[in-house]
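Input: a single structure, listed below in structure tokens.
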Amino acid sequence: MSSSNCSIKSLMSLNELLDATRGTLVGNPEDFAFNSVATDSRNVKCGTLFVPLVGEFQDGHKYVPQSVEAGASVVLINKSEYEKNGKIYDDLAEKGAKIILVENTLHGLQDAAEGYVKKFPNLIKVAITGSCGKTTTKEMVVSVLKEKFNCVWTQGNFNSETGLPLSVFNIREEHECGIFEMGMNRENEIGEIAKVLKPEYALITNIGTAHIGILGSRENIAKEKRKVYDYISEKGCAFIPENDDFKAFATENVKGKVVTFGVDVPVEKSGAVLVKENGLLGIVFNLDGTEINLPVSGMYNFQNALGAVALAKVLGVTTSQIKKGLESFRNIGGRMEVSEVVLTNGMKVTLVKDCYNANPDSMSKAIELCAGQNGKKVFVLGDMKELGEKAVQAHKEIIELVKSKKIEKTIFVGSDFEAVCDNSYGVYFDSVESDGIEKEILDSVSEGSVILLKGSNSMKLGNLLPKIISESNGVEA
């Protein structure tokens, strides 16, 4: 398969890719081109650079032949793989594929992405990370900065060791500003992907307890998160919450300006004043004399918005542009989605769906918010994952929190909650597939109830929705 069959303009030249990856070409250098990058062979199309990844249970090299058949014009492979199966790759090279040998394909992907980003020296590069709220904050920042700049940004939560490199390959000449989310679930993941982007502006939403089971302590999490600031120059800015107890530690080596944000920043510095909370309908606040209606609820989302405001101001976005951007913001699927729905038993209720992810911080915030609403409360809470040795205490504390809020019915789902269950409070199910769970929910509600679904994505709480909601509602699982 030759790239010339695709009639494409290449994202990088052969020399640029070889220099970036320190790779070696197998095949004819003529007609070298690729215009997309994929690590999943199912996403390969004509002109794709395919990067097979090697994991604990899967070796992507076995998909190289079918990726070339599907149109991949360039493939990165490990040198060790070529030493074992060189004839396979020589044959593919004979058919026109460009095979690039690298030491490690994951690092090759990251190095290629780093080299690609260097082609855009005038791009305003913004990174956003944090223990919770980073995707919501990223979407708020995008919504605001789009009012001033031609932007490119992380789609969904492509924020990992592979997701961030794939995301930056969406940068094009016309883009003025790139907003990229950075996540982690292992040591030095932020360091690796910060090296790819080298952001001039970076925002940490908070230093919390997400992934504490992997990293061991909040201090270790802070050590990782602060690596997002490593490439900020004297002209750049680091943004961090005013009230974060790791603020000084996280910013101690920052070369650029440190800008704090949040509800604790004095109005004379932030220009922001809370006017009122409209429950699940959102928040009204005043910014430099302009009233803004933020269409998402919770003081933590107000905090996220203030982070977006602080960043926008530094980049010269006007108050009217900030207002338009925030008022047009819509939360992405699975994160504090609020809707009025009719259940299969005919009851009309308020459904709060926040089951994309969960950790002690985000679950506590969702509980606090929904506990303050009118109507009977029915909470369906799923296990919080990746907490390691902290899991037992964290799940106990959530049970104590909902007890203190006097929630009328709480349904706990998962082995972590069941392991610390309080037999005097709540109902416990192994999973969303357990017999009777949907009946328990339906029997617990009354007209005007508030139902909260909150848990880690792997708990699949969204799978309950087709079982309890009338087909006429159109709410997605």
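Quick note on naming: the chains in the structure tokens go A, B, ... in the order shown, residues restart at 1 in each chain, and ligands are numbered from 1 in order of appearance.
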If we count only C-alpha atoms and set the cut-off at 10 Å, which residues sit around stretch 200-203 of chain A, ignoring sequence neighbours fewer than 3 positions away in its own chain? Please answer as a JSON list (two decimals) with all heavy atoms, in the first residue's frame.
[["chain", "number", "residue", "atom", "x", "y", "z"],
["A", 123, "LEU", "N", 1.98, 28.63, 18.39],
["A", 123, "LEU", "CA", 0.76, 28.13, 19.03],
["A", 123, "LEU", "C", 0.79, 28.44, 20.53],
["A", 123, "LEU", "O", 1.79, 28.19, 21.21],
["A", 123, "LEU", "CB", 0.64, 26.62, 18.83],
["A", 123, "LEU", "CG", -0.62, 25.96, 19.37],
["A", 123, "LEU", "CD1", -1.81, 26.28, 18.47],
["A", 123, "LEU", "CD2", -0.44, 24.45, 19.50],
["A", 124, "ILE", "N", -0.30, 29.00, 21.06],
["A", 124, "ILE", "CA", -0.45, 29.18, 22.50],
["A", 124, "ILE", "C", -0.80, 27.81, 23.08],
["A", 124, "ILE", "O", -1.85, 27.25, 22.77],
["A", 124, "ILE", "CB", -1.57, 30.19, 22.82],
["A", 124, "ILE", "CG1", -1.25, 31.56, 22.22],
["A", 124, "ILE", "CG2", -1.78, 30.31, 24.32],
["A", 124, "ILE", "CD1", -2.41, 32.53, 22.24],
["A", 125, "LYS", "N", 0.08, 27.28, 23.92],
["A", 125, "LYS", "CA", -0.10, 25.92, 24.41],
["A", 125, "LYS", "C", -0.55, 25.93, 25.87],
["A", 125, "LYS", "O", 0.15, 26.44, 26.74],
["A", 125, "LYS", "CB", 1.21, 25.13, 24.25],
["A", 125, "LYS", "CG", 1.62, 24.95, 22.79],
["A", 125, "LYS", "CD", 2.95, 24.21, 22.65],
["A", 125, "LYS", "CE", 4.10, 25.03, 23.17],
["A", 125, "LYS", "NZ", 5.40, 24.36, 22.94],
["A", 126, "VAL", "N", -1.73, 25.35, 26.10],
["A", 126, "VAL", "CA", -2.34, 25.34, 27.42],
["A", 126, "VAL", "C", -2.53, 23.89, 27.86],
["A", 126, "VAL", "O", -3.05, 23.07, 27.10],
["A", 126, "VAL", "CB", -3.71, 26.04, 27.41],
["A", 126, "VAL", "CG1", -4.38, 25.97, 28.78],
["A", 126, "VAL", "CG2", -3.56, 27.49, 26.96],
["A", 127, "ALA", "N", -2.12, 23.57, 29.08],
["A", 127, "ALA", "CA", -2.33, 22.23, 29.64],
["A", 127, "ALA", "C", -3.19, 22.33, 30.89],
["A", 127, "ALA", "O", -3.06, 23.28, 31.67],
["A", 127, "ALA", "CB", -1.00, 21.57, 29.97],
["A", 128, "ILE", "N", -4.05, 21.34, 31.08],
["A", 128, "ILE", "CA", -4.93, 21.30, 32.25],
["A", 128, "ILE", "C", -4.87, 19.92, 32.86],
["A", 128, "ILE", "O", -5.04, 18.91, 32.17],
["A", 128, "ILE", "CB", -6.38, 21.67, 31.88],
["A", 128, "ILE", "CG1", -6.43, 23.11, 31.37],
["A", 128, "ILE", "CG2", -7.31, 21.49, 33.08],
["A", 128, "ILE", "CD1", -7.74, 23.52, 30.79],
["A", 129, "THR", "N", -4.59, 19.86, 34.17],
["A", 129, "THR", "CA", -4.58, 18.59, 34.88],
["A", 129, "THR", "C", -5.16, 18.81, 36.27],
["A", 129, "THR", "O", -5.53, 19.92, 36.64],
["A", 129, "THR", "CB", -3.16, 18.00, 34.95],
["A", 129, "THR", "OG1", -3.23, 16.66, 35.41],
["A", 129, "THR", "CG2", -2.25, 18.81, 35.85],
["A", 130, "GLY", "N", -5.25, 17.75, 37.05],
["A", 130, "GLY", "CA", -5.82, 17.84, 38.38],
["A", 130, "GLY", "C", -6.44, 16.52, 38.77],
["A", 130, "GLY", "O", -6.69, 15.65, 37.93],
["A", 134, "LYS", "N", -10.78, 18.13, 35.84],
["A", 134, "LYS", "CA", -9.93, 18.61, 34.75],
["A", 134, "LYS", "C", -10.64, 18.61, 33.41],
["A", 134, "LYS", "O", -10.43, 19.51, 32.60],
["A", 134, "LYS", "CB", -8.63, 17.81, 34.68],
["A", 134, "LYS", "CG", -8.75, 16.33, 34.53],
["A", 134, "LYS", "CD", -7.36, 15.67, 34.57],
["A", 134, "LYS", "CE", -7.48, 14.16, 34.62],
["A", 134, "LYS", "NZ", -8.00, 13.69, 35.93],
["A", 137, "THR", "N", -13.14, 21.52, 33.46],
["A", 137, "THR", "CA", -12.40, 22.78, 33.36],
["A", 137, "THR", "C", -11.86, 22.98, 31.96],
["A", 137, "THR", "O", -11.91, 24.08, 31.40],
["A", 137, "THR", "CB", -11.27, 22.82, 34.40],
["A", 137, "THR", "OG1", -11.82, 22.63, 35.70],
["A", 137, "THR", "CG2", -10.53, 24.14, 34.34],
["A", 138, "LYS", "N", -11.32, 21.90, 31.38],
["A", 138, "LYS", "CA", -10.81, 22.00, 30.00],
["A", 138, "LYS", "C", -11.91, 22.43, 29.05],
["A", 138, "LYS", "O", -11.71, 23.32, 28.20],
["A", 138, "LYS", "CB", -10.24, 20.64, 29.57],
["A", 138, "LYS", "CG", -9.71, 20.58, 28.14],
["A", 138, "LYS", "CD", -10.66, 19.88, 27.19],
["A", 138, "LYS", "CE", -10.89, 18.44, 27.59],
["A", 138, "LYS", "NZ", -11.79, 17.73, 26.65],
["A", 179, "ILE", "N", -5.55, 23.61, 23.64],
["A", 179, "ILE", "CA", -5.90, 23.34, 25.04],
["A", 179, "ILE", "C", -5.94, 21.83, 25.21],
["A", 179, "ILE", "O", -6.80, 21.15, 24.64],
["A", 179, "ILE", "CB", -7.26, 23.96, 25.42],
["A", 179, "ILE", "CG1", -7.27, 25.45, 25.12],
["A", 179, "ILE", "CG2", -7.57, 23.72, 26.89],
["A", 179, "ILE", "CD1", -8.11, 25.85, 23.94],
["A", 180, "PHE", "N", -5.02, 21.31, 26.02],
["A", 180, "PHE", "CA", -4.88, 19.87, 26.12],
["A", 180, "PHE", "C", -4.93, 19.41, 27.58],
["A", 180, "PHE", "O", -4.28, 19.98, 28.45],
["A", 180, "PHE", "CB", -3.58, 19.41, 25.48],
["A", 180, "PHE", "CG", -3.55, 19.66, 23.99],
["A", 180, "PHE", "CD1", -2.93, 20.78, 23.48],
["A", 180, "PHE", "CD2", -4.19, 18.80, 23.12],
["A", 180, "PHE", "CE1", -2.92, 21.04, 22.11],
["A", 180, "PHE", "CE2", -4.19, 19.05, 21.75],
["A", 180, "PHE", "CZ", -3.56, 20.16, 21.25],
["A", 181, "GLU", "N", -5.72, 18.38, 27.79],
["A", 181, "GLU", "CA", -5.89, 17.79, 29.12],
["A", 181, "GLU", "C", -4.81, 16.74, 29.35],
["A", 181, "GLU", "O", -4.43, 16.02, 28.43],
["A", 181, "GLU", "CB", -7.27, 17.16, 29.20],
["A", 181, "GLU", "CG", -7.62, 16.54, 30.53],
["A", 181, "GLU", "CD", -9.01, 15.93, 30.52],
["A", 181, "GLU", "OE1", -9.86, 16.39, 29.73],
["A", 181, "GLU", "OE2", -9.24, 14.97, 31.29],
["A", 194, "ALA", "N", 3.90, 16.04, 29.41],
["A", 194, "ALA", "CA", 4.25, 17.46, 29.44],
["A", 194, "ALA", "C", 5.43, 17.74, 28.51],
["A", 194, "ALA", "O", 5.50, 18.78, 27.85],
["A", 194, "ALA", "CB", 4.57, 17.90, 30.86],
["A", 197, "LEU", "N", 4.09, 18.25, 24.91],
["A", 197, "LEU", "CA", 3.44, 19.53, 24.62],
["A", 197, "LEU", "C", 4.30, 20.74, 24.97],
["A", 197, "LEU", "O", 4.29, 21.75, 24.27],
["A", 197, "LEU", "CB", 2.10, 19.62, 25.36],
["A", 197, "LEU", "CG", 1.26, 20.86, 25.08],
["A", 197, "LEU", "CD1", 0.80, 20.91, 23.62],
["A", 197, "LEU", "CD2", 0.06, 20.93, 26.03],
["A", 206, "ASN", "N", -6.78, 20.86, 41.15],
["A", 206, "ASN", "CA", -6.65, 20.54, 42.57],
["A", 206, "ASN", "C", -5.67, 19.38, 42.73],
["A", 206, "ASN", "O", -5.38, 18.67, 41.77],
["A", 206, "ASN", "CB", -8.00, 20.17, 43.21],
["A", 206, "ASN", "CG", -8.76, 19.16, 42.38],
["A", 206, "ASN", "OD1", -8.26, 18.07, 42.10],
["A", 206, "ASN", "ND2", -9.96, 19.51, 41.95],
["A", 225, "LYS", "N", 1.77, 15.94, 39.54],
["A", 225, "LYS", "CA", 0.98, 16.99, 38.90],
["A", 225, "LYS", "C", 1.81, 18.23, 38.59],
["A", 225, "LYS", "O", 1.63, 18.89, 37.56],
["A", 225, "LYS", "CB", -0.21, 17.37, 39.78],
["A", 225, "LYS", "CG", -1.27, 16.28, 39.95],
["A", 225, "LYS", "CD", -1.96, 15.96, 38.64],
["A", 225, "LYS", "CE", -3.10, 14.97, 38.84],
["A", 225, "LYS", "NZ", -3.71, 14.56, 37.55],
["A", 226, "ARG", "N", 2.75, 18.56, 39.48],
["A", 226, "ARG", "CA", 3.51, 19.80, 39.27],
["A", 226, "ARG", "C", 4.47, 19.72, 38.08],
["A", 226, "ARG", "O", 4.99, 20.74, 37.64],
["A", 226, "ARG", "CB", 4.27, 20.20, 40.55],
["A", 226, "ARG", "CG", 5.46, 19.34, 40.90],
["A", 226, "ARG", "CD", 6.14, 19.88, 42.14],
["A", 226, "ARG", "NE", 7.35, 19.14, 42.49],
["A", 226, "ARG", "CZ", 8.12, 19.45, 43.51],
["A", 226, "ARG", "NH1", 7.82, 20.51, 44.28],
["A", 226, "ARG", "NH2", 9.19, 18.74, 43.79],
["A", 227, "LYS", "N", 4.67, 18.51, 37.56],
["A", 227, "LYS", "CA", 5.51, 18.38, 36.36],
["A", 227, "LYS", "C", 4.88, 19.06, 35.15],
["A", 227, "LYS", "O", 5.57, 19.32, 34.17],
["A", 227, "LYS", "CB", 5.78, 16.90, 36.07],
["A", 227, "LYS", "CG", 6.67, 16.24, 37.12],
["A", 227, "LYS", "CD", 6.84, 14.75, 36.86],
["A", 227, "LYS", "CE", 7.69, 14.12, 37.97],
["A", 227, "LYS", "NZ", 7.84, 12.65, 37.80],
["A", 228, "VAL", "N", 3.58, 19.36, 35.23],
["A", 228, "VAL", "CA", 2.93, 20.08, 34.13],
["A", 228, "VAL", "C", 3.49, 21.49, 34.00],
["A", 228, "VAL", "O", 3.37, 22.12, 32.95],
["A", 228, "VAL", "CB", 1.40, 20.10, 34.35],
["A", 228, "VAL", "CG1", 1.01, 21.13, 35.42],
["A", 228, "VAL", "CG2", 0.65, 20.36, 33.05],
["A", 229, "TYR", "N", 4.12, 21.99, 35.08],
["A", 229, "TYR", "CA", 4.70, 23.34, 35.07],
["A", 229, "TYR", "C", 6.15, 23.37, 34.58],
["A", 229, "TYR", "O", 6.75, 24.45, 34.48],
["A", 229, "TYR", "CB", 4.68, 23.93, 36.48],
["A", 229, "TYR", "CG", 3.33, 24.16, 37.10],
["A", 229, "TYR", "CD1", 3.14, 24.01, 38.48],
["A", 229, "TYR", "CD2", 2.23, 24.55, 36.33],
["A", 229, "TYR", "CE1", 1.91, 24.25, 39.07],
["A", 229, "TYR", "CE2", 0.99, 24.78, 36.92],
["A", 229, "TYR", "CZ", 0.84, 24.62, 38.30],
["A", 229, "TYR", "OH", -0.38, 24.86, 38.88],
["A", 230, "ASP", "N", 6.75, 22.22, 34.29],
["A", 230, "ASP", "CA", 8.20, 22.15, 34.04],
["A", 230, "ASP", "C", 8.68, 22.98, 32.86],
["A", 230, "ASP", "O", 9.85, 23.38, 32.83],
["A", 230, "ASP", "CB", 8.63, 20.69, 33.83],
["A", 230, "ASP", "CG", 8.71, 19.91, 35.13],
["A", 230, "ASP", "OD1", 8.55, 20.52, 36.20],
["A", 230, "ASP", "OD2", 8.92, 18.68, 35.06],
["A", 231, "TYR", "N", 7.83, 23.20, 31.87],
["A", 231, "TYR", "CA", 8.29, 23.85, 30.63],
["A", 231, "TYR", "C", 7.80, 25.30, 30.50],
["A", 231, "TYR", "O", 7.98, 25.91, 29.46],
["A", 231, "TYR", "CB", 7.85, 23.02, 29.42],
["A", 231, "TYR", "CG", 8.46, 21.64, 29.45],
["A", 231, "TYR", "CD1", 7.77, 20.58, 30.02],
["A", 231, "TYR", "CD2", 9.73, 21.41, 28.96],
["A", 231, "TYR", "CE1", 8.34, 19.31, 30.09],
["A", 231, "TYR", "CE2", 10.31, 20.15, 29.01],
["A", 231, "TYR", "CZ", 9.61, 19.11, 29.59],
["A", 231, "TYR", "OH", 10.17, 17.86, 29.65],
["A", 232, "ILE", "N", 7.22, 25.82, 31.56],
["A", 232, "ILE", "CA", 6.75, 27.21, 31.54],
["A", 232, "ILE", "C", 7.95, 28.15, 31.63],
["A", 232, "ILE", "O", 8.79, 28.02, 32.52],
["A", 232, "ILE", "CB", 5.78, 27.47, 32.71],
["A", 232, "ILE", "CG1", 4.50, 26.64, 32.52],
["A", 232, "ILE", "CG2", 5.44, 28.95, 32.82],
["A", 232, "ILE", "CD1", 3.53, 26.73, 33.69],
["A", 233, "SER", "N", 8.03, 29.08, 30.69],
["A", 233, "SER", "CA", 9.13, 30.06, 30.69],
["A", 233, "SER", "C", 8.74, 31.28, 31.51],
["A", 233, "SER", "O", 7.64, 31.36, 32.07],
["A", 233, "SER", "CB", 9.44, 30.48, 29.25],
["A", 233, "SER", "OG", 8.40, 31.31, 28.75],
["A", 234, "GLU", "N", 9.64, 32.26, 31.54],
["A", 234, "GLU", "CA", 9.36, 33.50, 32.27],
["A", 234, "GLU", "C", 8.14, 34.22, 31.71],
["A", 234, "GLU", "O", 7.49, 35.00, 32.42],
["A", 234, "GLU", "CB", 10.58, 34.44, 32.21],
["A", 234, "GLU", "CG", 11.79, 33.95, 33.00],
["A", 234, "GLU", "CD", 12.61, 32.91, 32.26],
["A", 234, "GLU", "OE1", 12.22, 32.53, 31.12],
["A", 234, "GLU", "OE2", 13.63, 32.45, 32.82],
["A", 235, "LYS", "N", 7.80, 33.96, 30.46],
["A", 235, "LYS", "CA", 6.65, 34.61, 29.83],
["A", 235, "LYS", "C", 5.34, 33.89, 30.11],
["A", 235, "LYS", "O", 4.27, 34.43, 29.83],
["A", 235, "LYS", "CB", 6.87, 34.71, 28.33],
["A", 235, "LYS", "CG", 8.06, 35.56, 27.91],
["A", 235, "LYS", "CD", 8.23, 35.55, 26.41],
["A", 235, "LYS", "CE", 9.44, 36.37, 25.97],
["A", 235, "LYS", "NZ", 9.63, 36.34, 24.50],
["A", 236, "GLY", "N", 5.40, 32.67, 30.63],
["A", 236, "GLY", "CA", 4.20, 31.86, 30.82],
["A", 236, "GLY", "C", 3.61, 32.00, 32.21],
["A", 236, "GLY", "O", 4.07, 32.81, 33.03],
["A", 237, "CYS", "N", 2.57, 31.21, 32.47],
["A", 237, "CYS", "CA", 1.87, 31.28, 33.75],
["A", 237, "CYS", "C", 1.46, 29.90, 34.24],
["A", 237, "CYS", "O", 1.06, 29.04, 33.45],
["A", 237, "CYS", "CB", 0.60, 32.13, 33.63],
["A", 237, "CYS", "SG", 0.88, 33.89, 33.53],
["A", 238, "ALA", "N", 1.55, 29.73, 35.55],
["A", 238, "ALA", "CA", 1.04, 28.54, 36.23],
["A", 238, "ALA", "C", -0.19, 28.95, 37.02],
["A", 238, "ALA", "O", -0.14, 29.93, 37.77],
["A", 238, "ALA", "CB", 2.10, 27.95, 37.15],
["A", 239, "PHE", "N", -1.27, 28.21, 36.87],
["A", 239, "PHE", "CA", -2.52, 28.52, 37.55],
["A", 239, "PHE", "C", -2.81, 27.41, 38.56],
["A", 239, "PHE", "O", -2.73, 26.22, 38.24],
["A", 239, "PHE", "CB", -3.68, 28.62, 36.54],
["A", 239, "PHE", "CG", -3.48, 29.69, 35.51],
["A", 239, "PHE", "CD1", -2.74, 29.44, 34.36],
["A", 239, "PHE", "CD2", -4.03, 30.95, 35.69],
["A", 239, "PHE", "CE1", -2.56, 30.42, 33.40],
["A", 239, "PHE", "CE2", -3.85, 31.95, 34.74],
["A", 239, "PHE", "CZ", -3.10, 31.68, 33.60],
["A", 240, "ILE", "N", -3.20, 27.80, 39.78],
["A", 240, "ILE", "CA", -3.46, 26.83, 40.83],
["A", 240, "ILE", "C", -4.47, 27.43, 41.81],
["A", 240, "ILE", "O", -4.50, 28.65, 42.01],
["A", 240, "ILE", "CB", -2.16, 26.42, 41.57],
["A", 240, "ILE", "CG1", -2.36, 25.15, 42.38],
["A", 240, "ILE", "CG2", -1.61, 27.57, 42.41],
["A", 240, "ILE", "CD1", -1.08, 24.47, 42.81],
["A", 241, "PRO", "N", -5.33, 26.62, 42.43],
["A", 241, "PRO", "CA", -6.31, 27.17, 43.38],
["A", 241, "PRO", "C", -5.65, 27.85, 44.57],
["A", 241, "PRO", "O", -4.66, 27.35, 45.11],
["A", 241, "PRO", "CB", -7.10, 25.93, 43.82],
["A", 241, "PRO", "CG", -6.96, 24.96, 42.71],
["A", 241, "PRO", "CD", -5.57, 25.18, 42.19],
["A", 256, "GLY", "N", 7.74, 31.05, 35.42],
["A", 256, "GLY", "CA", 6.82, 32.11, 35.03],
["A", 256, "GLY", "C", 6.01, 32.63, 36.21],
["A", 256, "GLY", "O", 6.30, 32.34, 37.37],
["A", 257, "LYS", "N", 4.98, 33.36, 35.89],
["A", 257, "LYS", "CA", 4.11, 33.95, 36.90],
["A", 257, "LYS", "C", 3.18, 32.88, 37.47],
["A", 257, "LYS", "O", 2.70, 32.01, 36.75],
["A", 257, "LYS", "CB", 3.29, 35.08, 36.28],
["A", 257, "LYS", "CG", 2.41, 35.84, 37.25],
["A", 257, "LYS", "CD", 1.66, 36.96, 36.52],
["A", 257, "LYS", "CE", 0.76, 37.73, 37.48],
["A", 257, "LYS", "NZ", -0.01, 38.79, 36.77],
["A", 258, "VAL", "N", 2.93, 32.94, 38.77],
["A", 258, "VAL", "CA", 1.97, 32.05, 39.42],
["A", 258, "VAL", "C", 0.68, 32.83, 39.66],
["A", 258, "VAL", "O", 0.70, 33.89, 40.30],
["A", 258, "VAL", "CB", 2.50, 31.49, 40.75],
["A", 258, "VAL", "CG1", 1.42, 30.68, 41.45],
["A", 258, "VAL", "CG2", 3.74, 30.64, 40.50],
["A", 259, "VAL", "N", -0.43, 32.33, 39.12],
["A", 259, "VAL", "CA", -1.73, 32.99, 39.26],
["A", 259, "VAL", "C", -2.65, 32.05, 40.03],
["A", 259, "VAL", "O", -2.86, 30.91, 39.62],
["A", 259, "VAL", "CB", -2.34, 33.31, 37.88],
["A", 259, "VAL", "CG1", -3.73, 33.90, 38.03],
["A", 259, "VAL", "CG2", -1.43, 34.25, 37.11],
["A", 260, "THR", "N", -3.18, 32.53, 41.14],
["A", 260, "THR", "CA", -4.13, 31.71, 41.91],
["A", 260, "THR", "C", -5.56, 32.09, 41.52],
["A", 260, "THR", "O", -5.83, 33.20, 41.07],
["A", 260, "THR", "CB", -3.94, 31.89, 43.42],
["A", 260, "THR", "OG1", -4.16, 33.26, 43.77],
["A", 260, "THR", "CG2", -2.53, 31.47, 43.84],
["A", 261, "PHE", "N", -6.45, 31.13, 41.69],
["A", 261, "PHE", "CA", -7.86, 31.34, 41.37],
["A", 261, "PHE", "C", -8.74, 30.65, 42.40],
["A", 261, "PHE", "O", -8.26, 29.83, 43.19],
["A", 261, "PHE", "CB", -8.18, 30.83, 39.96],
["A", 261, "PHE", "CG", -8.05, 29.34, 39.80],
["A", 261, "PHE", "CD1", -9.13, 28.50, 40.06],
["A", 261, "PHE", "CD2", -6.85, 28.77, 39.37],
["A", 261, "PHE", "CE1", -9.01, 27.12, 39.91],
["A", 261, "PHE", "CE2", -6.73, 27.39, 39.21],
["A", 261, "PHE", "CZ", -7.81, 26.57, 39.48],
["A", 307, "GLY", "N", -11.19, 29.20, 37.45],
["A", 307, "GLY", "CA", -9.91, 28.83, 36.84],
["A", 307, "GLY", "C", -9.88, 29.22, 35.37],
["A", 307, "GLY", "O", -8.89, 29.78, 34.87],
["A", 308, "ALA", "N", -10.98, 28.93, 34.67],
["A", 308, "ALA", "CA", -11.08, 29.31, 33.26],
["A", 308, "ALA", "C", -11.03, 30.82, 33.09],
["A", 308, "ALA", "O", -10.39, 31.34, 32.16],
["A", 308, "ALA", "CB", -12.39, 28.76, 32.67],
["A", 310, "ALA", "N", -9.52, 33.02, 35.13],
["A", 310, "ALA", "CA", -8.17, 33.49, 35.40],
["A", 310, "ALA", "C", -7.26, 33.29, 34.19],
["A", 310, "ALA", "O", -6.50, 34.18, 33.80],
["A", 310, "ALA", "CB", -7.60, 32.77, 36.63],
["A", 311, "LEU", "N", -7.36, 32.12, 33.58],
["A", 311, "LEU", "CA", -6.54, 31.83, 32.41],
["A", 311, "LEU", "C", -6.92, 32.72, 31.24],
["A", 311, "LEU", "O", -6.06, 33.27, 30.54],
["A", 311, "LEU", "CB", -6.71, 30.34, 32.04],
["A", 311, "LEU", "CG", -5.66, 29.72, 31.13],
["A", 311, "LEU", "CD1", -5.63, 28.21, 31.34],
["A", 311, "LEU", "CD2", -5.90, 30.01, 29.67],
["A", 314, "VAL", "N", -5.54, 36.30, 31.52],
["A", 314, "VAL", "CA", -4.11, 36.39, 31.21],
["A", 314, "VAL", "C", -3.89, 36.39, 29.70],
["A", 314, "VAL", "O", -2.99, 37.07, 29.19],
["A", 314, "VAL", "CB", -3.35, 35.22, 31.88],
["A", 314, "VAL", "CG1", -1.93, 35.08, 31.30],
["A", 314, "VAL", "CG2", -3.27, 35.43, 33.38],
["A", 315, "LEU", "N", -4.74, 35.67, 28.98],
["A", 315, "LEU", "CA", -4.61, 35.59, 27.52],
["A", 315, "LEU", "C", -5.37, 36.70, 26.79],
["A", 315, "LEU", "O", -5.50, 36.65, 25.57],
["A", 315, "LEU", "CB", -5.08, 34.22, 27.03],
["A", 315, "LEU", "CG", -4.19, 33.04, 27.46],
["A", 315, "LEU", "CD1", -4.76, 31.72, 26.96],
["A", 315, "LEU", "CD2", -2.76, 33.22, 26.95]]
Next item on the list: Would you please extract all alpha helix (DSSP H) residues from stretch 144-338 of chain A, as assigned by DSSP on the backbone, and give them as a ChimeraX atom specification?
Entry: /A:144-145,163-168,189-197,212-215,218-225,247-251,267-270,299-314,319-327
Notebook entry, point to check: atom CA of A:Val378 to atom CA of A:Leu294: how many Å, to one decimal?
Noted result: 25.8 Å
Next item on the list: Could you jot down the atom CA of A:Leu25 to atom CA of A:Phe57 separation for me, Å, one decimal place?
Entry: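 Between atom CA of A:Leu25 and atom CA of A:Phe57 the gap is 27.9 Å.
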Item checked: Close residues, stretch 435-441 of chain A itself excluded, 8 Å, only C-alpha atoms, min 4 positions apart in chain, as a list of chain:residue names ->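 Selected residues are A:Val378, A:Ile411, A:Phe429, A:Val445, A:Leu464, A:Lys467, A:Ile468.
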Next item on the list: List every residue of stretch 286-396 of chain A that DSSP, applied to the backbone of this structure, assigns to strand (DSSP E), and report them as a PyMOL selection string.
Entry: chain A and resi 286-287+290-294+337-342+348-354+377-382
Check: Counting only C-alpha atoms, what is within 12 Å of A:Asn457, bar same-chain residues fewer than 6 positions away, as a ChimeraX atom specification?
Finding: /A:333-335,353-359,381-386,463,477
Item checked: Exercise: stretch 44-46 of chain A partners within 8 Å, only C-alpha atoms, chain neighbours under 3 positions left out, as a list in words ->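 Close residues of stretch 44-46 of chain A: Ser3, Cys6, Val37, Ala38, Asp40, Ser41, Phe50, Ser67, Ala70, Gly71, Ala72 and Ser73 of chain A.
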Notebook entry, point to check: Which residues come within 10 Å of stretch 278-282 of chain A, counting only C-alpha atoms, excluding same-chain residues fewer than 4 positions away, as a PyMOL selection string?
Noted result: chain A and resi 293-299+301-302+336-339+350+352+369-370+372-374
Note to self: I'd like the contact shell of A:Pro121 - 12 Å cut-off, only C-alpha atoms, skipping same-chain residues fewer than 4 positions apart - returned as a list in words.
What the structure shows: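 Neighbouring residues, sequence-local ones excluded: Glu114, Gly115, Tyr116, Val117, Lys125, Ile171, Arg172, Glu173, His175, Glu176, Cys177, Gly178, Leu197, Lys198, Pro199 and Glu200 of chain A.
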Check: From the set A:Phe169, A:Tyr300, A:Tyr425, A:Phe417, which residue has the shortest atom-to-atom contact distance to A:Lys403, counting only C-alpha atoms?
Finding: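 Looking at the shortest contact to A:Lys403, the residue is A:Tyr425.
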Margin query: For a quick check of understanding, using only C-alpha atoms, which of A:Lys119, A:Lys454, A:His395, A:Lys323 has the smallest distance to A:Glu16?
Written below: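 Between A:Lys119, A:Lys454, A:His395, A:Lys323, the residue approaching A:Glu16 most closely is A:Lys119.
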Next item on the list: Identify which of the residues A:Leu109, A:Val74, A:Lys365, A:Val380 lies closest to A:Gly462, counting only C-alpha atoms when measuring atom-to-atom distances.
Entry: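 Ranked by minimum distance to A:Gly462, first place goes to A:Val380.
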Next item on the list: May I ask for the distance between atom CA of A:Thr21 and atom CA of A:Lys195, given in Å to one decimal place?
Entry: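 Those two atoms sit 13.9 Å apart.
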